[in-house]
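Have a look at upload-v9.cif; it's mmCIF, C-alpha atoms:
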data_my_file
loop_
_atom_site.group_PDB
_atom_site.id
_atom_site.type_symbol
_atom_site.label_atom_id
_atom_site.label_comp_id
_atom_site.auth_asym_id
_atom_site.auth_seq_id
_atom_site.Cartn_x
_atom_site.Cartn_y
_atom_site.Cartn_z
ATOM 1 C CA MET A 174 106.225 129.479 98.672
ATOM 2 C CA ILE A 175 108.634 126.821 99.847
ATOM 3 C CA SER A 176 111.500 125.946 97.480
ATOM 4 C CA HIS A 177 111.579 122.341 96.307
ATOM 5 C CA ASN A 178 115.059 121.599 97.682
ATOM 6 C CA LYS A 179 114.077 122.958 101.096
ATOM 7 C CA LEU A 180 110.955 120.792 101.052
ATOM 8 C CA THR A 181 112.981 117.686 100.117
ATOM 9 C CA SER A 182 115.530 118.429 102.860
ATOM 10 C CA VAL A 183 112.838 118.910 105.536
ATOM 11 C CA LEU A 184 111.140 115.630 104.607
ATOM 12 C CA SER A 185 114.492 113.798 104.631
ATOM 13 C CA LYS A 186 115.280 115.279 108.038
ATOM 14 C CA LEU A 187 111.896 114.203 109.439
ATOM 15 C CA ASN A 188 112.416 110.716 108.019
ATOM 16 C CA LYS A 189 115.980 110.465 109.358
ATOM 17 C CA GLU A 190 115.034 111.623 112.865
ATOM 18 C CA THR A 191 112.042 109.268 112.894
ATOM 19 C CA LYS A 192 114.287 106.323 112.015
ATOM 20 C CA LYS A 193 116.746 107.376 114.744
ATOM 21 C CA ASN A 194 113.879 107.657 117.279
ATOM 22 C CA GLU A 195 114.642 111.343 117.741
ATOM 23 C CA ILE A 196 111.099 112.219 116.714
ATOM 24 C CA LYS A 197 108.309 110.264 118.381
ATOM 25 C CA TRP A 198 105.005 109.856 116.573
ATOM 26 C CA ASP A 199 101.754 108.732 118.147
ATOM 27 C CA GLU A 200 98.111 108.425 117.223
ATOM 28 C CA PRO A 201 95.923 111.411 118.189
ATOM 29 C CA ILE A 202 92.907 110.376 120.259
ATOM 30 C CA LEU A 203 90.544 112.942 118.763
ATOM 31 C CA TYR A 204 90.639 114.226 115.252
ATOM 32 C CA ARG A 205 87.223 115.754 114.729
ATOM 33 C CA ASN A 206 88.636 118.793 112.952
ATOM 34 C CA LEU A 207 90.283 116.851 110.185
ATOM 35 C CA GLN A 208 88.407 117.944 107.099
ATOM 36 C CA LEU A 209 88.884 116.094 103.874
ATOM 37 C CA ASN A 210 87.465 116.890 100.445
ATOM 38 C CA SER A 211 84.501 114.874 99.202
ATOM 39 C CA SER A 212 86.843 113.114 96.772
ATOM 40 C CA GLU A 213 89.106 111.921 99.602
ATOM 41 C CA GLU A 214 88.690 109.229 102.241
ATOM 42 C CA LEU A 215 90.980 108.431 105.123
ATOM 43 C CA ILE A 216 92.610 105.010 105.097
ATOM 44 C CA GLY A 217 94.729 103.690 107.904
ATOM 45 C CA LYS A 218 95.875 105.616 110.927
ATOM 46 C CA ILE A 219 96.724 109.231 111.577
ATOM 47 C CA TYR A 220 100.142 109.862 113.104
ATOM 48 C CA ALA A 221 100.955 113.023 115.044
ATOM 49 C CA THR A 222 104.127 114.625 116.362
ATOM 50 C CA MET A 223 105.584 117.897 117.537
ATOM 51 C CA PHE A 224 108.465 119.182 115.416
ATOM 52 C CA ASN A 225 110.058 122.597 116.047
ATOM 53 C CA ASP A 226 107.012 123.529 118.190
ATOM 54 C CA ARG A 227 104.586 122.732 115.374
ATOM 55 C CA HIS A 228 101.906 120.053 115.380
ATOM 56 C CA LEU A 229 102.337 117.735 112.411
ATOM 57 C CA TRP A 230 99.860 115.111 111.272
ATOM 58 C CA LEU A 231 100.603 112.430 108.741
ATOM 59 C CA PHE A 232 98.032 110.164 107.123
ATOM 60 C CA LYS A 233 97.119 108.141 104.085
ATOM 61 C CA ILE A 234 94.056 108.828 101.955
ATOM 62 C CA ASN A 235 92.317 107.386 98.957
ATOM 63 C CA GLN A 236 91.791 110.090 96.376
ATOM 64 C CA GLN A 237 89.197 109.946 93.638
ATOM 65 C CA ILE A 238 90.685 110.809 90.252
ATOM 66 C CA GLN A 239 88.710 111.321 87.056
ATOM 67 C CA THR A 240 90.189 109.176 84.291
ATOM 68 C CA ASP A 241 87.536 109.712 81.629
ATOM 69 C CA ASP A 242 84.262 111.653 81.179
ATOM 70 C CA PHE A 243 82.321 109.257 83.389
ATOM 71 C CA GLU A 244 85.100 107.136 84.857
ATOM 72 C CA PHE A 245 86.726 107.568 88.243
ATOM 73 C CA THR A 246 89.382 105.645 90.070
ATOM 74 C CA TRP A 247 90.708 105.696 93.624
ATOM 75 C CA VAL A 248 94.428 106.355 94.041
ATOM 76 C CA PRO A 249 96.255 106.176 97.393
ATOM 77 C CA SER A 250 98.007 109.354 98.442
ATOM 78 C CA TYR A 251 99.828 110.652 101.535
ATOM 79 C CA LYS A 252 99.376 113.933 103.369
ATOM 80 C CA LEU A 253 101.460 115.845 105.858
ATOM 81 C CA ILE A 254 99.760 118.819 107.470
ATOM 82 C CA VAL A 255 100.593 121.491 110.037
ATOM 83 C CA LEU A 256 97.884 122.196 112.628
ATOM 84 C CA ASP A 257 97.309 124.978 115.114
ATOM 85 C CA GLU A 258 96.506 124.478 118.814
ATOM 86 C CA SER A 259 92.807 123.947 118.086
ATOM 87 C CA GLN A 260 93.575 121.241 115.519
ATOM 88 C CA LYS A 261 92.767 123.438 112.527
ATOM 89 C CA ILE A 262 94.799 122.945 109.378
ATOM 90 C CA GLU A 263 97.320 125.755 108.969
ATOM 91 C CA TRP A 264 99.306 124.419 106.045
ATOM 92 C CA GLU A 265 99.494 121.318 103.907
ATOM 93 C CA PHE A 266 102.759 120.041 102.460
ATOM 94 C CA PRO A 267 102.605 119.871 98.652
ATOM 95 C CA TYR A 268 102.806 116.482 96.917
ATOM 96 C CA HIS A 269 106.215 114.882 97.389
ATOM 97 C CA ARG A 270 107.169 111.209 97.289
ATOM 98 C CA GLY A 271 109.209 111.803 100.476
ATOM 99 C CA ILE A 272 105.892 111.961 102.409
ATOM 100 C CA MET A 273 105.180 108.371 101.370
ATOM 101 C CA ASP A 274 108.617 107.251 102.631
ATOM 102 C CA LEU A 275 108.034 109.164 105.864
ATOM 103 C CA TYR A 276 104.667 107.428 106.318
ATOM 104 C CA GLU A 277 106.332 104.016 105.804
ATOM 105 C CA SER A 278 109.029 104.853 108.381
ATOM 106 C CA VAL A 279 106.515 106.199 110.906
ATOM 107 C CA SER A 280 104.082 103.280 110.623
ATOM 108 C CA TYR A 281 107.020 100.853 110.990
ATOM 109 C CA LYS A 282 108.224 102.655 114.133
ATOM 110 C CA VAL A 283 104.800 103.109 115.744
ATOM 111 C CA ALA A 284 103.969 99.434 115.177
ATOM 112 C CA ASN A 285 107.315 98.622 116.823
ATOM 113 C CA MET A 286 108.176 96.224 114.020
ATOM 114 C CA ASP A 287 111.899 96.148 114.893
ATOM 115 C CA SER A 288 111.227 94.281 118.126
ATOM 116 C CA PHE A 289 108.678 92.058 116.358
ATOM 117 C CA PHE A 290 111.249 90.919 113.774
ATOM 118 C CA ASP A 291 113.980 90.640 116.420
ATOM 119 C CA SER A 292 111.760 88.386 118.572
ATOM 120 C CA ILE A 293 111.081 86.072 115.624
ATOM 121 C CA LYS A 294 114.802 85.901 114.826
ATOM 122 C CA ASP A 295 115.634 85.064 118.459
ATOM 123 C CA ASP A 296 113.069 82.235 118.517
ATOM 124 C CA ASP A 297 114.667 80.735 115.425
ATOM 125 C CA ASN A 298 118.106 80.904 116.959
ATOM 126 C CA GLU A 299 116.913 79.070 120.086
ATOM 127 C CA GLU A 300 115.719 76.134 117.962
ATOM 128 C CA PHE A 301 119.213 75.611 116.580
ATOM 129 C CA MET B 133 119.636 141.203 23.214
ATOM 130 C CA ASP B 134 123.413 140.838 22.940
ATOM 131 C CA TRP B 135 125.816 138.459 24.625
ATOM 132 C CA GLY B 136 126.474 141.019 27.397
ATOM 133 C CA ASP B 137 122.788 141.006 28.471
ATOM 134 C CA ILE B 138 122.630 137.192 28.394
ATOM 135 C CA ASN B 139 125.711 137.075 30.581
ATOM 136 C CA THR B 140 124.176 139.477 33.107
ATOM 137 C CA TYR B 141 120.877 137.510 33.237
ATOM 138 C CA GLY B 142 122.839 134.248 33.574
ATOM 139 C CA SER B 143 124.851 135.657 36.465
ATOM 140 C CA LEU B 144 121.704 136.945 38.197
ATOM 141 C CA ALA B 145 119.958 133.589 37.725
ATOM 142 C CA SER B 146 122.901 131.681 39.225
ATOM 143 C CA LEU B 147 123.040 134.169 42.118
ATOM 144 C CA GLY B 148 119.296 133.641 42.671
ATOM 145 C CA GLY B 149 119.893 129.888 42.582
ATOM 146 C CA ILE B 150 122.583 130.170 45.242
ATOM 147 C CA ILE B 151 120.299 132.288 47.478
ATOM 148 C CA ILE B 152 117.377 129.843 47.055
ATOM 149 C CA SER B 153 119.682 126.875 47.804
ATOM 150 C CA PHE B 154 120.952 128.637 50.926
ATOM 151 C CA LEU B 155 117.394 129.412 52.127
ATOM 152 C CA ALA B 156 116.339 125.808 51.391
ATOM 153 C CA PHE B 157 119.318 124.585 53.435
ATOM 154 C CA ILE B 158 118.279 126.794 56.403
ATOM 155 C CA ALA B 159 114.647 125.649 56.122
ATOM 156 C CA ALA B 160 115.714 121.971 55.954
ATOM 157 C CA ASP B 161 117.934 122.436 59.005
ATOM 158 C CA LYS B 162 115.083 124.114 60.904
ATOM 159 C CA ALA B 163 112.682 121.298 59.891
ATOM 160 C CA LYS B 164 115.233 118.731 61.081
ATOM 161 C CA LYS B 165 115.471 120.483 64.462
ATOM 162 C CA VAL B 166 111.666 120.626 64.817
ATOM 163 C CA ALA B 167 111.415 116.928 63.902
ATOM 164 C CA LYS B 168 114.084 116.111 66.521
ATOM 165 C CA GLN B 169 112.150 118.145 69.133
ATOM 166 C CA ILE B 170 108.946 116.252 68.325
ATOM 167 C CA GLN B 171 110.822 112.934 68.506
ATOM 168 C CA ASP B 172 112.420 113.894 71.853
ATOM 169 C CA GLY B 173 109.026 115.023 73.155
ATOM 170 C CA PHE B 174 107.439 111.743 72.106
ATOM 171 C CA ILE B 175 110.218 109.723 73.796
ATOM 172 C CA PHE B 176 109.929 111.939 76.898
ATOM 173 C CA ASP B 177 106.146 111.398 77.138
ATOM 174 C CA LYS B 178 106.477 107.659 76.609
ATOM 175 C CA ARG B 179 109.486 106.909 78.785
ATOM 176 C CA ILE B 180 109.572 109.461 81.616
ATOM 177 C CA PRO B 181 106.542 108.059 83.503
ATOM 178 C CA GLN B 182 108.202 104.615 83.349
ATOM 179 C CA HIS B 183 111.518 105.982 84.638
ATOM 180 C CA LEU B 184 109.716 107.810 87.455
ATOM 181 C CA LYS B 185 107.897 104.623 88.456
ATOM 182 C CA VAL B 186 111.145 102.631 88.540
ATOM 183 C CA LEU B 187 112.956 105.376 90.461
ATOM 184 C CA ASP B 188 110.045 105.570 92.912
ATOM 185 C CA GLY B 189 110.279 101.822 93.597
ATOM 186 C CA LEU B 190 114.066 101.973 94.029
ATOM 187 C CA LEU B 191 113.755 104.928 96.421
ATOM 188 C CA SER B 192 111.186 103.063 98.537
ATOM 189 C CA GLU B 193 113.697 100.205 98.828
ATOM 190 C CA TYR B 194 116.439 102.711 99.687
ATOM 191 C CA ASN B 195 114.202 104.128 102.430
ATOM 192 C CA GLU B 196 113.794 100.655 103.941
ATOM 193 C CA PHE B 197 117.563 100.068 103.945
ATOM 194 C CA LEU B 198 118.159 103.408 105.669
ATOM 195 C CA SER B 199 116.638 101.935 108.858
ATOM 196 C CA ASP B 200 119.917 100.145 109.467
ATOM 197 C CA ILE B 201 122.661 101.495 107.198
ATOM 198 C CA ASP B 202 125.526 99.404 108.601
ATOM 199 C CA LYS B 203 123.616 96.134 108.385
ATOM 200 C CA ASN B 204 122.375 96.921 104.842
ATOM 201 C CA GLN B 205 125.703 98.119 103.391
ATOM 202 C CA SER B 206 125.911 95.604 100.562
ATOM 203 C CA GLU B 207 122.182 95.995 99.741
ATOM 204 C CA ILE B 208 122.576 99.788 99.586
ATOM 205 C CA ARG B 209 125.611 99.418 97.309
ATOM 206 C CA THR B 210 123.728 97.087 94.937
ATOM 207 C CA LEU B 211 120.719 99.377 94.970
ATOM 208 C CA LEU B 212 122.865 102.431 94.197
ATOM 209 C CA ALA B 213 124.318 100.611 91.180
ATOM 210 C CA LYS B 214 120.759 99.993 89.910
ATOM 211 C CA ILE B 215 119.820 103.636 90.585
ATOM 212 C CA LYS B 216 122.916 104.796 88.703
ATOM 213 C CA SER B 217 121.978 102.876 85.567
ATOM 214 C CA GLU B 218 118.405 104.197 85.828
ATOM 215 C CA LEU B 219 119.745 107.744 86.100
ATOM 216 C CA ALA B 220 121.993 107.184 83.063
ATOM 217 C CA ASN B 221 118.920 106.191 81.002
ATOM 218 C CA LEU B 222 116.927 109.069 82.418
ATOM 219 C CA SER B 223 119.582 111.715 81.726
ATOM 220 C CA GLU B 224 119.532 110.879 77.987
ATOM 221 C CA LYS B 225 115.935 112.100 77.851
ATOM 222 C CA ILE B 226 116.308 115.205 80.004
ATOM 223 C CA LYS B 227 117.246 118.306 78.016
ATOM 224 C CA THR B 228 116.879 120.959 80.742
ATOM 225 C CA GLU B 229 120.088 122.307 82.240
ATOM 226 C CA GLU B 230 119.152 122.344 85.961
ATOM 227 C CA GLU B 231 117.848 118.776 86.039
ATOM 228 C CA SER B 232 120.757 117.443 83.936
ATOM 229 C CA GLU B 233 123.273 119.047 86.316
ATOM 230 C CA LEU B 234 121.453 117.592 89.327
ATOM 231 C CA ILE B 235 121.561 114.102 87.814
ATOM 232 C CA THR B 236 125.262 114.440 86.871
ATOM 233 C CA SER B 237 126.282 115.650 90.338
ATOM 234 C CA THR B 238 124.273 112.879 92.051
ATOM 235 C CA VAL B 239 125.811 110.189 89.831
ATOM 236 C CA SER B 240 129.321 111.464 90.595
ATOM 237 C CA LYS B 241 128.440 111.481 94.325
ATOM 238 C CA ILE B 242 127.299 107.837 94.054
ATOM 239 C CA ASN B 243 130.454 106.904 92.089
ATOM 240 C CA LYS B 244 132.663 108.457 94.728
ATOM 241 C CA LYS B 245 130.855 107.381 97.899
ATOM 242 C CA SER B 246 129.210 103.990 97.293
ATOM 243 C CA PRO B 247 132.349 101.775 96.915
ATOM 244 C CA ARG B 248 133.734 102.897 100.291
ATOM 245 C CA GLN B 249 132.979 101.312 103.666
ATOM 246 C CA PHE B 250 130.177 103.117 105.563
ATOM 247 C CA TYR B 251 130.632 104.519 109.073
ATOM 248 C CA LYS B 252 128.404 106.129 111.670
ATOM 249 C CA GLU B 253 129.547 109.586 112.766
ATOM 250 C CA SER B 254 130.055 110.185 116.451
ATOM 251 C CA GLU B 255 127.240 112.138 118.109
ATOM 252 C CA SER B 256 129.614 113.498 120.718
ATOM 253 C CA HIS B 257 130.870 117.092 120.568
ATOM 254 C CA LEU B 258 134.342 116.142 121.816
ATOM 255 C CA ILE B 259 136.982 117.630 119.534
ATOM 256 C CA HIS B 260 139.126 114.500 119.184
ATOM 257 C CA LEU B 261 136.075 112.458 118.088
ATOM 258 C CA LYS B 262 135.059 115.147 115.607
ATOM 259 C CA LEU B 263 138.631 115.164 114.252
ATOM 260 C CA LYS B 264 138.582 111.378 113.958
ATOM 261 C CA ASP B 265 135.353 111.606 111.903
ATOM 262 C CA PHE B 266 136.920 114.308 109.744
ATOM 263 C CA PHE B 267 139.875 112.083 108.804
ATOM 264 C CA LYS B 268 137.636 109.057 108.294
ATOM 265 C CA GLY B 269 135.750 111.149 105.742
ATOM 266 C CA PHE B 270 138.767 110.920 103.367
ATOM 267 C CA TYR B 271 138.486 107.166 102.875
ATOM 268 C CA LEU B 272 135.078 106.138 104.316
ATOM 269 C CA THR B 273 131.465 107.171 103.638
ATOM 270 C CA SER B 274 129.451 108.554 106.546
ATOM 271 C CA HIS B 275 125.800 107.788 107.224
ATOM 272 C CA LYS B 276 125.119 111.471 106.638
ATOM 273 C CA GLU B 277 126.447 111.147 103.073
ATOM 274 C CA ILE B 278 124.235 108.107 102.451
ATOM 275 C CA TRP B 279 121.270 110.218 103.593
ATOM 276 C CA ASN B 280 122.445 113.093 101.355
ATOM 277 C CA ILE B 281 122.372 110.782 98.328
ATOM 278 C CA TYR B 282 118.809 109.764 99.278
ATOM 279 C CA THR B 283 117.827 113.462 99.510
ATOM 280 C CA SER B 284 119.389 114.244 96.107
ATOM 281 C CA LEU B 285 117.567 111.304 94.507
ATOM 282 C CA ASN B 286 114.256 112.523 95.925
ATOM 283 C CA GLU B 287 115.095 115.940 94.545
ATOM 284 C CA ILE B 288 115.627 114.429 91.072
ATOM 285 C CA HIS B 289 112.291 112.594 91.329
ATOM 286 C CA TRP B 290 110.526 115.822 92.281
ATOM 287 C CA CYS B 291 112.116 117.851 89.445
ATOM 288 C CA VAL B 292 111.517 115.253 86.720
ATOM 289 C CA ASN B 293 107.942 114.729 87.904
ATOM 290 C CA ASN B 294 107.395 118.484 87.624
ATOM 291 C CA LEU B 295 108.837 118.488 84.088
ATOM 292 C CA LYS B 296 106.349 115.764 83.223
ATOM 293 C CA LEU B 297 103.447 117.729 84.731
ATOM 294 C CA ASP B 298 104.512 120.980 83.014
ATOM 295 C CA ARG B 299 104.686 119.228 79.660
ATOM 296 C CA LYS B 300 101.242 117.731 80.144
ATOM 297 C CA TYR B 301 99.945 121.218 80.919
ATOM 298 C CA ILE B 302 101.573 122.696 77.791
ATOM 299 C CA ILE B 303 100.148 119.987 75.535
ATOM 300 C CA LYS B 304 96.626 120.465 76.939
#
Is it possible to give me this structure as structure tokens?
Amino acid sequence: MISHNKLTSVLSKLNKETKKNEIKWDEPILYRNLQLNSSEELIGKIYATMFNDRHLWLFKINQQIQTDDFEFTWVPSYKLIVLDESQKIEWEFPYHRGIMDLYESVSYKVANMDSFFDSIKDDDNEEF
Amino acid sequence: MDWGDINTYGSLASLGGIIISFLAFIAADKAKKVAKQIQDGFIFDKRIPQHLKVLDGLLSEYNEFLSDIDKNQSEIRTLLAKIKSELANLSEKIKTEEESELITSTVSKINKKSPRQFYKESESHLIHLKLKDFFKGFYLTSHKEIWNIYTSLNEIHWCVNNLKLDRKYIIK
């Protein structure tokens, strides 16, 4: 079992290297082997990378939570999983808020939002 | 019954009184401690989820600022001041040794590092650049240290969240 400080450090490292463009994430073309529970549904994109020779996938899901005897609600959650060569899940990172931060960093980078904001700023400067 | 017997009974009765008073004092002290534990538990259950929510929001902001540490220096400093006051409130409700120590060490790290100017360490392996970074470390705060504070804060969030979950499990 992974220790909690090791888990936090690994997630921070992934986040840091993503922000520094040292880890590149992309969207996998096929993800037929991604199996979710019946109480989970995928929302948004799946992001994939290779880190220390391991395939990592990161995605956001809606998870059904029982709040009362007959009441359910959907709560967003984030998952980071390790896959083998045939895209089968080998290990799933336990819940950690660092996965949410990583997802925010990755989606920002993949959408290339830095250049988007820079282009808007440049346009404004030209007007003045 | 003579005066001698009455004296003996009187002495025994006063001794019994002292013992009963002492036992009552111990019981009252124990009851006070249990009441304090219940009160602390109630405050923990009520306030910890709120603290975690606030800390979660502040950490998301921190994560955004980490995209460009130099540009967001003043924002990071302001945010760290907010996080510090949140941690001060949180630490009052945490009674476990490991988590309290983690909060204390993180707060002292923030106190020491956040007022200083931030600098980006050189990525080169040249010795004179490494030496330069080493000396800068005495009066400036490196990007690595800003990331270390972020990691420690995530660690605190994880630990306190686990305390909350454990407590929920115990109560059930």
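The residues of chain A lying at most 10 Å from chain B, with only C-alpha atoms taken into account, are A:His177, A:Asn178, A:Lys179, A:Leu180, A:Thr181, A:Ser182, A:Val183, A:Leu184, A:Ser185, A:Lys186, A:Asn188, A:Lys189, A:Thr191, A:Lys192, A:Lys193, A:Tyr268, A:His269, A:Arg270, A:Gly271, A:Met273, A:Asp274, A:Leu275, A:Glu277, A:Ser278, A:Tyr281, A:Lys282, A:Asp287.
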### Query
Got a sec to resolve the PyMOL selection byres ((chain A and resi 220) around 9) on this structure and send the residues as JSON, numbers by chain?
{"A": [198, 199, 200, 201, 218, 219, 221, 222, 229, 230, 231, 232, 276, 279, 280, 283]}
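Across the model, the gap from atom CA of B:His183 to atom CA of A:Glu190 is 29.0 Å.
Atom pair atom CA of B:Asn204 / atom CA of B:Leu222: separated by 26.1 Å.
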### Query
Expanded to explicit residues, what is the PyMOL selection byres ((chain B and resi 215) around 10) for this file, as number ranges by chain?
B: 186-187, 190-191, 194, 209-214, 216-221, 239, 242, 285
Would you fill out stretch 200-219 of chain A with N, CA and C atoms and return it as a JSON list (two decimals), keeping the file's coordinate frame?
[["chain", "number", "residue", "atom", "x", "y", "z"],
["A", 200, "GLU", "N", 99.40, 108.28, 117.89],
["A", 200, "GLU", "CA", 98.11, 108.42, 117.22],
["A", 200, "GLU", "C", 97.24, 109.39, 118.02],
["A", 201, "PRO", "N", 96.77, 110.48, 117.44],
["A", 201, "PRO", "CA", 95.92, 111.41, 118.19],
["A", 201, "PRO", "C", 94.60, 110.75, 118.57],
["A", 202, "ILE", "N", 94.14, 111.03, 119.79],
["A", 202, "ILE", "CA", 92.91, 110.38, 120.26],
["A", 202, "ILE", "C", 91.69, 110.98, 119.53],
["A", 203, "LEU", "N", 91.68, 112.28, 119.43],
["A", 203, "LEU", "CA", 90.54, 112.94, 118.76],
["A", 203, "LEU", "C", 91.02, 113.65, 117.51],
["A", 204, "TYR", "N", 90.29, 113.45, 116.46],
["A", 204, "TYR", "CA", 90.64, 114.23, 115.25],
["A", 204, "TYR", "C", 89.36, 114.66, 114.53],
["A", 205, "ARG", "N", 88.50, 115.33, 115.31],
["A", 205, "ARG", "CA", 87.22, 115.75, 114.73],
["A", 205, "ARG", "C", 87.38, 116.90, 113.73],
["A", 206, "ASN", "N", 88.49, 117.64, 113.84],
["A", 206, "ASN", "CA", 88.64, 118.79, 112.95],
["A", 206, "ASN", "C", 89.33, 118.47, 111.64],
["A", 207, "LEU", "N", 89.63, 117.21, 111.45],
["A", 207, "LEU", "CA", 90.28, 116.85, 110.18],
["A", 207, "LEU", "C", 89.24, 116.86, 109.07],
["A", 208, "GLN", "N", 89.39, 117.83, 108.18],
["A", 208, "GLN", "CA", 88.41, 117.94, 107.10],
["A", 208, "GLN", "C", 89.03, 117.53, 105.78],
["A", 209, "LEU", "N", 88.41, 116.56, 105.17],
["A", 209, "LEU", "CA", 88.88, 116.09, 103.87],
["A", 209, "LEU", "C", 87.89, 116.51, 102.80],
["A", 210, "ASN", "N", 88.37, 116.58, 101.56],
["A", 210, "ASN", "CA", 87.46, 116.89, 100.44],
["A", 210, "ASN", "C", 86.52, 115.71, 100.21],
["A", 211, "SER", "N", 85.46, 115.96, 99.47],
["A", 211, "SER", "CA", 84.50, 114.87, 99.20],
["A", 211, "SER", "C", 85.13, 113.77, 98.35],
["A", 212, "SER", "N", 86.20, 114.12, 97.63],
["A", 212, "SER", "CA", 86.84, 113.11, 96.77],
["A", 212, "SER", "C", 87.98, 112.38, 97.51],
["A", 213, "GLU", "N", 88.04, 112.57, 98.83],
["A", 213, "GLU", "CA", 89.11, 111.92, 99.60],
["A", 213, "GLU", "C", 88.50, 111.12, 100.75],
["A", 214, "GLU", "N", 89.11, 109.97, 101.04],
["A", 214, "GLU", "CA", 88.69, 109.23, 102.24],
["A", 214, "GLU", "C", 89.93, 108.72, 102.98],
["A", 215, "LEU", "N", 89.84, 108.82, 104.29],
["A", 215, "LEU", "CA", 90.98, 108.43, 105.12],
["A", 215, "LEU", "C", 91.13, 106.92, 105.13],
["A", 216, "ILE", "N", 92.36, 106.45, 104.92],
["A", 216, "ILE", "CA", 92.61, 105.01, 105.10],
["A", 216, "ILE", "C", 93.78, 104.85, 106.07],
["A", 217, "GLY", "N", 93.66, 103.92, 106.93],
["A", 217, "GLY", "CA", 94.73, 103.69, 107.90],
["A", 217, "GLY", "C", 94.70, 104.70, 109.03],
["A", 218, "LYS", "N", 95.82, 104.79, 109.72],
["A", 218, "LYS", "CA", 95.88, 105.62, 110.93],
["A", 218, "LYS", "C", 96.38, 107.02, 110.64],
["A", 219, "ILE", "N", 96.14, 107.89, 111.63],
["A", 219, "ILE", "CA", 96.72, 109.23, 111.58],
["A", 219, "ILE", "C", 97.88, 109.21, 112.58]]
